[in-house]
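Dumped upload_1.cif below, it's mmCIF, C-alpha atoms, pLDDT in the B column; chains and numbers go by the auth columns:
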```
data_data
#
loop_
_atom_site.group_PDB
_atom_site.id
_atom_site.type_symbol
_atom_site.label_atom_id
_atom_site.label_comp_id
_atom_site.label_asym_id
_atom_site.label_seq_id
_atom_site.Cartn_x
_atom_site.Cartn_y
_atom_site.Cartn_z
_atom_site.B_iso_or_equiv
_atom_site.auth_seq_id
_atom_site.auth_asym_id
ATOM 1 C CA ALA A 1 26.735 -4.043 22.615 73.00 1 B
ATOM 2 C CA ILE A 2 27.474 -7.766 22.266 82.00 2 B
ATOM 3 C CA ALA A 3 30.128 -7.576 24.988 86.00 3 B
ATOM 4 C CA ALA A 4 27.755 -5.780 27.365 87.00 4 B
ATOM 5 C CA TYR A 5 25.042 -8.422 26.926 78.00 5 B
ATOM 6 C CA GLU A 6 27.613 -11.214 27.363 83.00 6 B
ATOM 7 C CA ASP A 7 28.787 -9.619 30.631 83.00 7 B
ATOM 8 C CA CYS A 8 25.173 -9.386 31.817 84.00 8 B
ATOM 9 C CA VAL A 9 24.612 -13.090 31.118 84.00 9 B
ATOM 10 C CA LYS A 10 27.836 -13.987 32.925 84.00 10 B
ATOM 11 C CA ASN A 11 27.528 -11.695 35.935 84.00 11 B
ATOM 12 C CA PHE A 12 23.777 -11.998 36.605 83.00 12 B
ATOM 13 C CA ARG A 13 23.282 -15.682 35.968 83.00 13 B
ATOM 14 C CA GLY A 14 19.916 -16.889 37.238 83.00 14 B
ATOM 15 C CA HIS A 15 18.415 -13.380 37.333 85.00 15 B
ATOM 16 C CA PRO A 16 15.720 -12.054 34.965 85.00 16 B
ATOM 17 C CA GLU A 17 18.239 -9.616 33.482 85.00 17 B
ATOM 18 C CA SER A 18 20.450 -12.528 32.505 87.00 18 B
ATOM 19 C CA TYR A 19 17.619 -14.327 30.711 87.00 19 B
ATOM 20 C CA GLU A 20 16.649 -11.183 28.803 89.00 20 B
ATOM 21 C CA ALA A 21 20.265 -10.542 27.819 88.00 21 B
ATOM 22 C CA ALA A 22 20.584 -14.148 26.580 88.00 22 B
ATOM 23 C CA ARG A 23 17.422 -13.723 24.507 90.00 23 B
ATOM 24 C CA VAL A 24 18.715 -10.513 22.920 88.00 24 B
ATOM 25 C CA LEU A 25 22.068 -12.158 22.193 88.00 25 B
ATOM 26 C CA SER A 26 20.311 -15.052 20.468 91.00 26 B
ATOM 27 C CA VAL A 27 18.393 -12.643 18.236 91.00 27 B
ATOM 28 C CA MET A 28 21.461 -10.562 17.426 92.00 28 B
ATOM 29 C CA ARG A 29 23.493 -13.628 16.443 92.00 29 B
ATOM 30 C CA THR A 30 20.758 -15.073 14.242 94.00 30 B
ATOM 31 C CA ARG A 31 21.047 -14.750 10.474 95.00 31 B
ATOM 32 C CA GLU A 32 17.880 -13.394 8.850 96.00 32 B
ATOM 33 C CA LEU A 33 16.815 -12.625 5.294 97.00 33 B
ATOM 34 C CA THR A 34 13.439 -11.456 3.963 96.00 34 B
ATOM 35 C CA MET A 35 12.532 -9.630 0.757 97.00 35 B
ATOM 36 C CA THR A 36 9.239 -8.095 -0.375 96.00 36 B
ATOM 37 C CA THR A 37 7.898 -6.076 -3.294 95.00 37 B
ATOM 38 C CA PRO A 38 5.936 -3.105 -1.910 95.00 38 B
ATOM 39 C CA ARG A 39 3.845 -2.546 -5.080 94.00 39 B
ATOM 40 C CA SER A 40 3.886 -2.752 -8.851 93.00 40 B
ATOM 41 C CA PHE A 41 5.891 -0.153 -10.808 95.00 41 B
ATOM 42 C CA HIS A 42 5.245 1.754 -14.022 94.00 42 B
ATOM 43 C CA THR A 43 7.815 1.859 -16.813 94.00 43 B
ATOM 44 C CA GLY A 44 9.049 5.313 -15.824 93.00 44 B
ATOM 45 C CA GLU A 45 10.134 4.093 -12.383 94.00 45 B
ATOM 46 C CA GLU A 46 13.101 2.163 -11.085 95.00 46 B
ATOM 47 C CA PRO A 47 11.766 -1.093 -9.596 96.00 47 B
ATOM 48 C CA ARG A 48 12.853 -1.581 -5.986 97.00 48 B
ATOM 49 C CA LEU A 49 12.580 -4.392 -3.469 97.00 49 B
ATOM 50 C CA LYS A 50 12.491 -4.036 0.304 97.00 50 B
ATOM 51 C CA LEU A 51 15.209 -6.126 1.930 97.00 51 B
ATOM 52 C CA ALA A 52 15.585 -6.967 5.621 97.00 52 B
ATOM 53 C CA ALA A 53 18.729 -8.819 6.673 97.00 53 B
ATOM 54 C CA ARG A 54 20.826 -9.545 9.732 96.00 54 B
ATOM 55 C CA ASN A 55 24.395 -10.906 9.748 96.00 55 B
ATOM 56 C CA ILE A 56 24.393 -11.277 5.956 96.00 56 B
ATOM 57 C CA PRO A 57 26.987 -8.909 4.460 96.00 57 B
ATOM 58 C CA SER A 58 26.443 -9.721 0.777 97.00 58 B
ATOM 59 C CA LEU A 59 23.907 -11.318 -1.533 97.00 59 B
ATOM 60 C CA THR A 60 23.672 -12.848 -4.973 97.00 60 B
ATOM 61 C CA PHE A 61 20.604 -11.695 -6.855 98.00 61 B
ATOM 62 C CA LYS A 62 19.052 -13.660 -9.710 97.00 62 B
ATOM 63 C CA ALA A 63 16.092 -12.678 -11.888 97.00 63 B
ATOM 64 C CA TRP A 64 13.925 -14.683 -14.279 96.00 64 B
ATOM 65 C CA ARG A 65 11.318 -13.294 -16.673 95.00 65 B
ATOM 66 C CA LEU A 66 7.925 -14.830 -15.937 94.00 66 B
ATOM 67 C CA ASP A 67 5.096 -15.372 -18.407 92.00 67 B
ATOM 68 C CA LEU A 68 2.476 -14.097 -15.989 89.00 68 B
ATOM 69 C CA VAL A 69 -0.435 -15.081 -18.215 86.00 69 B
ATOM 70 C CA GLU A 70 0.578 -18.739 -18.462 87.00 70 B
ATOM 71 C CA TYR A 71 1.411 -18.835 -14.761 87.00 71 B
ATOM 72 C CA PHE A 72 -2.006 -17.388 -13.893 83.00 72 B
ATOM 73 C CA ARG A 73 -3.747 -19.855 -16.228 80.00 73 B
ATOM 74 C CA LYS A 74 -2.124 -22.691 -14.328 82.00 74 B
ATOM 75 C CA GLU A 75 -2.266 -21.439 -10.733 80.00 75 B
ATOM 76 C CA LYS A 76 -5.237 -19.012 -10.848 76.00 76 B
ATOM 77 C CA SER A 77 -3.187 -16.796 -8.575 80.00 77 B
ATOM 78 C CA ILE A 78 0.157 -15.022 -8.567 82.00 78 B
ATOM 79 C CA GLY A 79 0.801 -15.435 -4.852 80.00 79 B
ATOM 80 C CA SER A 80 2.923 -18.597 -4.875 82.00 80 B
ATOM 81 C CA VAL A 81 5.934 -17.701 -6.996 85.00 81 B
ATOM 82 C CA HIS A 82 8.237 -18.705 -4.134 83.00 82 B
ATOM 83 C CA GLU A 83 7.235 -22.301 -4.912 86.00 83 B
ATOM 84 C CA LEU A 84 8.560 -22.134 -8.479 88.00 84 B
ATOM 85 C CA ALA A 85 11.651 -24.283 -9.093 86.00 85 B
ATOM 86 C CA VAL A 86 13.531 -21.393 -10.675 89.00 86 B
ATOM 87 C CA ALA A 87 16.900 -22.734 -9.485 84.00 87 B
ATOM 88 C CA LEU A 88 16.668 -25.393 -12.215 88.00 88 B
ATOM 89 C CA VAL A 89 16.675 -22.718 -14.924 92.00 89 B
ATOM 90 C CA LYS A 90 19.496 -20.349 -15.841 95.00 90 B
ATOM 91 C CA PRO A 91 18.539 -16.832 -14.705 96.00 91 B
ATOM 92 C CA ASP A 92 18.104 -14.024 -17.205 96.00 92 B
ATOM 93 C CA LEU A 93 20.087 -11.733 -14.914 96.00 93 B
ATOM 94 C CA GLU A 94 22.532 -12.344 -12.072 97.00 94 B
ATOM 95 C CA TRP A 95 24.526 -9.892 -9.974 97.00 95 B
ATOM 96 C CA ASN A 96 26.247 -9.576 -6.606 97.00 96 B
ATOM 97 C CA LEU A 97 25.599 -6.908 -4.007 96.00 97 B
ATOM 98 C CA ASP A 98 27.318 -5.917 -0.777 97.00 98 B
ATOM 99 C CA ILE A 99 24.673 -4.761 1.696 94.00 99 B
ATOM 100 C CA PRO A 100 24.958 -0.948 1.897 92.00 100 B
ATOM 101 C CA ALA A 101 26.284 0.291 5.259 93.00 101 B
ATOM 102 C CA TYR A 102 26.464 -3.257 6.627 94.00 102 B
ATOM 103 C CA GLU A 103 26.775 -3.671 10.396 92.00 103 B
ATOM 104 C CA PRO A 104 27.089 -7.070 12.110 93.00 104 B
ATOM 105 C CA TRP A 105 24.440 -8.082 14.655 92.00 105 B
ATOM 106 C CA LYS A 106 22.065 -5.343 13.517 94.00 106 B
ATOM 107 C CA LYS A 107 18.917 -5.932 11.473 94.00 107 B
ATOM 108 C CA LEU A 108 19.231 -3.770 8.368 96.00 108 B
ATOM 109 C CA GLU A 109 16.389 -2.650 6.107 96.00 109 B
ATOM 110 C CA ARG A 110 17.297 -1.441 2.640 96.00 110 B
ATOM 111 C CA ASP A 111 15.565 -0.546 -0.623 96.00 111 B
ATOM 112 C CA ILE A 112 17.369 -2.409 -3.406 96.00 112 B
ATOM 113 C CA ALA A 113 17.111 -1.172 -6.995 96.00 113 B
ATOM 114 C CA MET A 114 16.535 -3.732 -9.737 97.00 114 B
ATOM 115 C CA PRO A 115 18.487 -3.478 -13.019 95.00 115 B
ATOM 116 C CA PHE A 116 15.764 -4.535 -15.449 92.00 116 B
ATOM 117 C CA LYS A 117 13.795 -2.076 -17.568 87.00 117 B
ATOM 118 C CA GLY A 118 10.509 -2.127 -19.446 91.00 118 B
ATOM 119 C CA PRO A 119 7.211 -3.886 -18.814 94.00 119 B
ATOM 120 C CA GLY A 120 7.052 -7.450 -17.580 94.00 120 B
ATOM 121 C CA ALA A 121 6.969 -9.795 -14.610 95.00 121 B
ATOM 122 C CA TRP A 122 10.140 -10.982 -12.893 96.00 122 B
ATOM 123 C CA VAL A 123 10.837 -13.581 -10.235 96.00 123 B
ATOM 124 C CA VAL A 124 13.764 -12.333 -8.151 97.00 124 B
ATOM 125 C CA THR A 125 15.784 -14.250 -5.576 96.00 125 B
ATOM 126 C CA ALA A 126 18.386 -13.019 -3.087 97.00 126 B
ATOM 127 C CA GLU A 127 20.776 -15.707 -1.855 96.00 127 B
ATOM 128 C CA ASN A 128 23.537 -16.180 0.695 95.00 128 B
ATOM 129 C CA ASP A 129 24.584 -19.751 1.466 90.00 129 B
ATOM 130 C CA GLU A 130 21.429 -21.619 2.510 91.00 130 B
ATOM 131 C CA PHE A 131 19.366 -18.428 2.857 95.00 131 B
ATOM 132 C CA VAL A 132 17.101 -17.625 -0.099 96.00 132 B
ATOM 133 C CA ALA A 133 14.363 -14.977 -0.350 96.00 133 B
ATOM 134 C CA THR A 134 12.014 -14.768 -3.346 95.00 134 B
ATOM 135 C CA SER A 135 9.704 -12.031 -4.595 95.00 135 B
ATOM 136 C CA LEU A 136 7.686 -11.132 -7.695 95.00 136 B
ATOM 137 C CA VAL A 137 8.281 -7.777 -9.392 96.00 137 B
ATOM 138 C CA LEU A 138 5.659 -6.372 -11.771 94.00 138 B
ATOM 139 C CA VAL A 139 6.369 -3.493 -14.149 95.00 139 B
ATOM 140 C CA THR A 140 3.365 -2.226 -16.106 94.00 140 B
ATOM 141 C CA ASP A 141 1.742 1.027 -17.133 94.00 141 B
ATOM 142 C CA LEU A 142 -1.738 -0.502 -16.992 91.00 142 B
ATOM 143 C CA VAL A 143 -4.144 -0.500 -14.072 89.00 143 B
ATOM 144 C CA THR A 144 -7.589 -2.106 -14.084 86.00 144 B
ATOM 145 C CA ILE A 145 -10.668 -1.647 -11.960 84.00 145 B
ATOM 146 C CA VAL A 146 -12.927 -4.714 -11.915 82.00 146 B
ATOM 147 C CA LYS A 147 -16.513 -4.971 -10.657 79.00 147 B
ATOM 148 C CA ARG A 148 -18.852 -7.909 -11.093 75.00 148 B
ATOM 149 C CA SER A 149 -22.491 -8.849 -10.817 73.00 149 B
ATOM 150 C CA ASP A 150 -24.170 -12.224 -11.222 70.00 150 B
ATOM 151 C CA SER A 151 -24.101 -11.922 -15.000 69.00 151 B
ATOM 152 C CA GLN A 152 -21.428 -9.377 -15.908 73.00 152 B
ATOM 153 C CA LEU A 153 -17.892 -8.221 -15.286 72.00 153 B
ATOM 154 C CA PHE A 154 -17.195 -4.504 -15.535 79.00 154 B
ATOM 155 C CA VAL A 155 -13.577 -3.756 -16.417 80.00 155 B
ATOM 156 C CA PHE A 156 -11.956 -0.334 -16.716 83.00 156 B
ATOM 157 C CA ALA A 157 -8.334 -0.135 -17.867 85.00 157 B
ATOM 158 C CA HIS A 158 -6.216 3.000 -17.870 88.00 158 B
ATOM 159 C CA ASN A 159 -2.600 4.022 -18.327 91.00 159 B
ATOM 160 C CA ARG A 160 -1.304 5.237 -14.988 90.00 160 B
ATOM 161 C CA ARG A 161 1.519 7.249 -16.553 90.00 161 B
ATOM 162 C CA THR A 162 -0.782 9.310 -18.760 89.00 162 B
ATOM 163 C CA GLY A 163 -4.064 8.882 -16.886 88.00 163 B
ATOM 164 C CA ASP A 164 -5.823 8.030 -20.150 89.00 164 B
ATOM 165 C CA PRO A 165 -8.142 5.048 -20.712 86.00 165 B
ATOM 166 C CA GLU A 166 -6.456 2.189 -22.564 84.00 166 B
ATOM 167 C CA PRO A 167 -8.493 0.469 -25.316 81.00 167 B
ATOM 168 C CA GLY A 168 -7.758 -2.987 -26.706 81.00 168 B
ATOM 169 C CA VAL A 169 -6.497 -4.470 -23.444 82.00 169 B
ATOM 170 C CA GLU A 170 -6.797 -8.255 -23.202 82.00 170 B
ATOM 171 C CA VAL A 171 -8.120 -9.460 -19.852 80.00 171 B
ATOM 172 C CA LEU A 172 -7.736 -13.031 -18.641 79.00 172 B
ATOM 173 C CA ILE A 173 -10.544 -14.275 -16.393 76.00 173 B
ATOM 174 C CA CYS A 174 -10.700 -17.624 -14.619 72.00 174 B
ATOM 175 C CA ASP A 175 -13.175 -19.382 -12.341 65.00 175 B
ATOM 176 C CA LEU A 176 -11.781 -20.398 -8.959 60.00 176 B
ATOM 177 C CA ASP A 177 -14.535 -23.007 -8.527 59.00 177 B
ATOM 178 C CA MET A 178 -14.202 -24.687 -11.921 51.00 178 B
ATOM 179 C CA PRO A 179 -10.798 -26.223 -12.828 52.00 179 B
ATOM 180 C CA GLY A 180 -9.735 -25.214 -16.314 49.00 180 B
ATOM 181 C CA ALA A 181 -12.458 -22.583 -16.717 44.00 181 B
ATOM 182 C CA THR A 182 -10.760 -19.519 -18.169 51.00 182 B
ATOM 183 C CA GLY A 183 -11.764 -16.836 -20.608 55.00 183 B
ATOM 184 C CA LEU A 184 -9.898 -14.209 -22.604 54.00 184 B
ATOM 185 C CA GLU A 185 -11.691 -10.949 -23.316 56.00 185 B
ATOM 186 C CA VAL A 186 -10.620 -7.881 -25.295 55.00 186 B
ATOM 187 C CA LEU A 187 -11.769 -4.434 -24.204 61.00 187 B
ATOM 188 C CA GLU A 188 -12.870 -3.127 -27.583 57.00 188 B
ATOM 189 C CA SER A 189 -14.195 0.155 -26.253 52.00 189 B
ATOM 190 C CA LEU A 190 -12.068 3.187 -27.079 47.00 190 B
ATOM 191 C CA ARG A 191 -12.785 4.384 -23.566 52.00 191 B
ATOM 192 C CA GLY A 192 -10.843 1.491 -22.085 49.00 192 B
ATOM 193 C CA LEU A 193 -13.858 -0.093 -20.442 51.00 193 B
ATOM 194 C CA ASP A 194 -16.228 -2.870 -21.293 51.00 194 B
ATOM 195 C CA ARG A 195 -18.943 -5.080 -19.842 51.00 195 B
ATOM 196 C CA GLN A 196 -18.444 -8.763 -20.517 51.00 196 B
ATOM 197 C CA PRO A 197 -21.119 -11.436 -19.939 50.00 197 B
ATOM 198 C CA HIS A 198 -19.737 -14.345 -17.946 49.00 198 B
ATOM 199 C CA ARG A 199 -20.917 -17.703 -16.693 48.00 199 B
ATOM 200 C CA LEU A 200 -18.187 -18.150 -14.123 44.00 200 B
ATOM 201 C CA HIS A 201 -19.215 -18.892 -10.555 46.00 201 B
ATOM 202 C CA ARG A 202 -16.354 -17.104 -8.831 46.00 202 B
ATOM 203 C CA PRO A 203 -14.333 -15.150 -11.400 46.00 203 B
ATOM 204 C CA GLN A 204 -10.796 -14.104 -10.596 51.00 204 B
ATOM 205 C CA VAL A 205 -8.770 -11.504 -12.488 52.00 205 B
ATOM 206 C CA PRO A 206 -5.042 -11.092 -11.784 53.00 206 B
ATOM 207 C CA PRO A 207 -4.027 -7.705 -10.329 49.00 207 B
ATOM 208 C CA VAL A 208 -1.960 -6.924 -13.428 45.00 208 B
ATOM 209 C CA ASN A 209 -4.023 -8.545 -16.083 41.00 209 B
ATOM 210 C CA HIS A 210 -2.905 -7.438 -19.504 41.00 210 B
ATOM 211 C CA LEU A 211 -1.175 -9.582 -22.100 38.00 211 B
ATOM 212 C CA GLY A 212 1.394 -7.246 -23.520 38.00 212 B
ATOM 213 C CA ARG A 213 -0.091 -3.857 -24.381 40.00 213 B
ATOM 214 C CA ASP A 214 2.055 -1.326 -22.476 39.00 214 B
#
```
Take the structure in this file and express it as structure tokens.
Amino acid sequence: AIAAYEDCVKNFRGHPESYEAARVLSVMRTRELTMTTPRSFHTGEEPRLKLAARNIPSLTFKAWRLDLVEYFRKEKSIGSVHELAVALVKPDLEWNLDIPAYEPWKKLERDIAMPFKGPGAWVVTAENDEFVATSLVLVTDLVTIVKRSDSQLFVFAHNRRTGDPEPGVEVLICDLDMPGATGLEVLESLRGLDRQPHRLHRPQVPPVNHLGRD
């Protein structure tokens, strides 16, 4: 395919076909790397990341355990893990991977299994020379449904493996409009739900918001 596009550029110079062939060649020769986490995973699943790469035959993966509670206390969000300076810290896990069924010039999309087990949050990077992609992987059996009014938060927590309500879950709540305003609540109800009075202007609860009960 590369040779055919090169011939088109050479033989039809100045024509629209030549410009389009040059554009395609530029894309095909570019190195690309992106990585995303499609969703959170429960402890009975194998965590997987979605990888898209072009002209990168192999990658070095590194993984760091993340204290999601402390990170959320500081950032009030979990959407900026790519800004963490994880390269300054020795990774908890590191492994090399040859891209399955690699083909040069072609953009490849692969599901890549992660080696870690059990509940927790992980920051994962995939690296090749100067190319680095970062993603957050969450493994938890808990799911929460959160509703709020002007004076209350309604929180329902359940175990998605069993389908049963989960009592005793600790929920971290912060106020996006008030720096440093956070609260820690425990769902005492045996039904896995509770109503908590709050004085926060704009409360925010992390998507996976437990502190260790799995």
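Here the residues that fall within 12 Å of (4.7, -5.1, -1.4), using all atoms listed in the file, are given as Met35, Thr36, Thr37, Pro38, Arg39, Ser40, Phe41, Pro47, Arg48, Leu49, Lys50, Leu51, Gly79, Asp111, Ser135, Leu136, Val137 and Leu138 of chain B.
When only C-alpha atoms are used to compute distances to B:Leu153, the closest of the residues B:Cys174, B:Asp129, B:Pro16, B:Gly120 turns out to be B:Cys174.
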Which of these, B:Ile112, B:Cys8, B:Glu94, B:Arg148, has the shortest distance to B:Arg23 once you count only C-alpha atoms? B:Cys8
Taking the file above as input, evaluate the PyMOL selection byres ((chain B and resi 25) around 12) and report the hits as number ranges by chain. B: 1-9, 18-24, 26-30, 105-106
Could you write out as JSON, numbers by chain the residues that the PyMOL selection byres ((chain B and resi 57-72) around 9) matches in the shown file? {"B": [53, 54, 55, 56, 73, 74, 75, 76, 77, 78, 86, 89, 90, 91, 92, 93, 94, 95, 96, 97, 98, 99, 100, 102, 103, 104, 116, 120, 121, 122, 123, 124, 125, 126, 127, 128, 129, 172, 174, 206, 208, 209, 210, 211]}
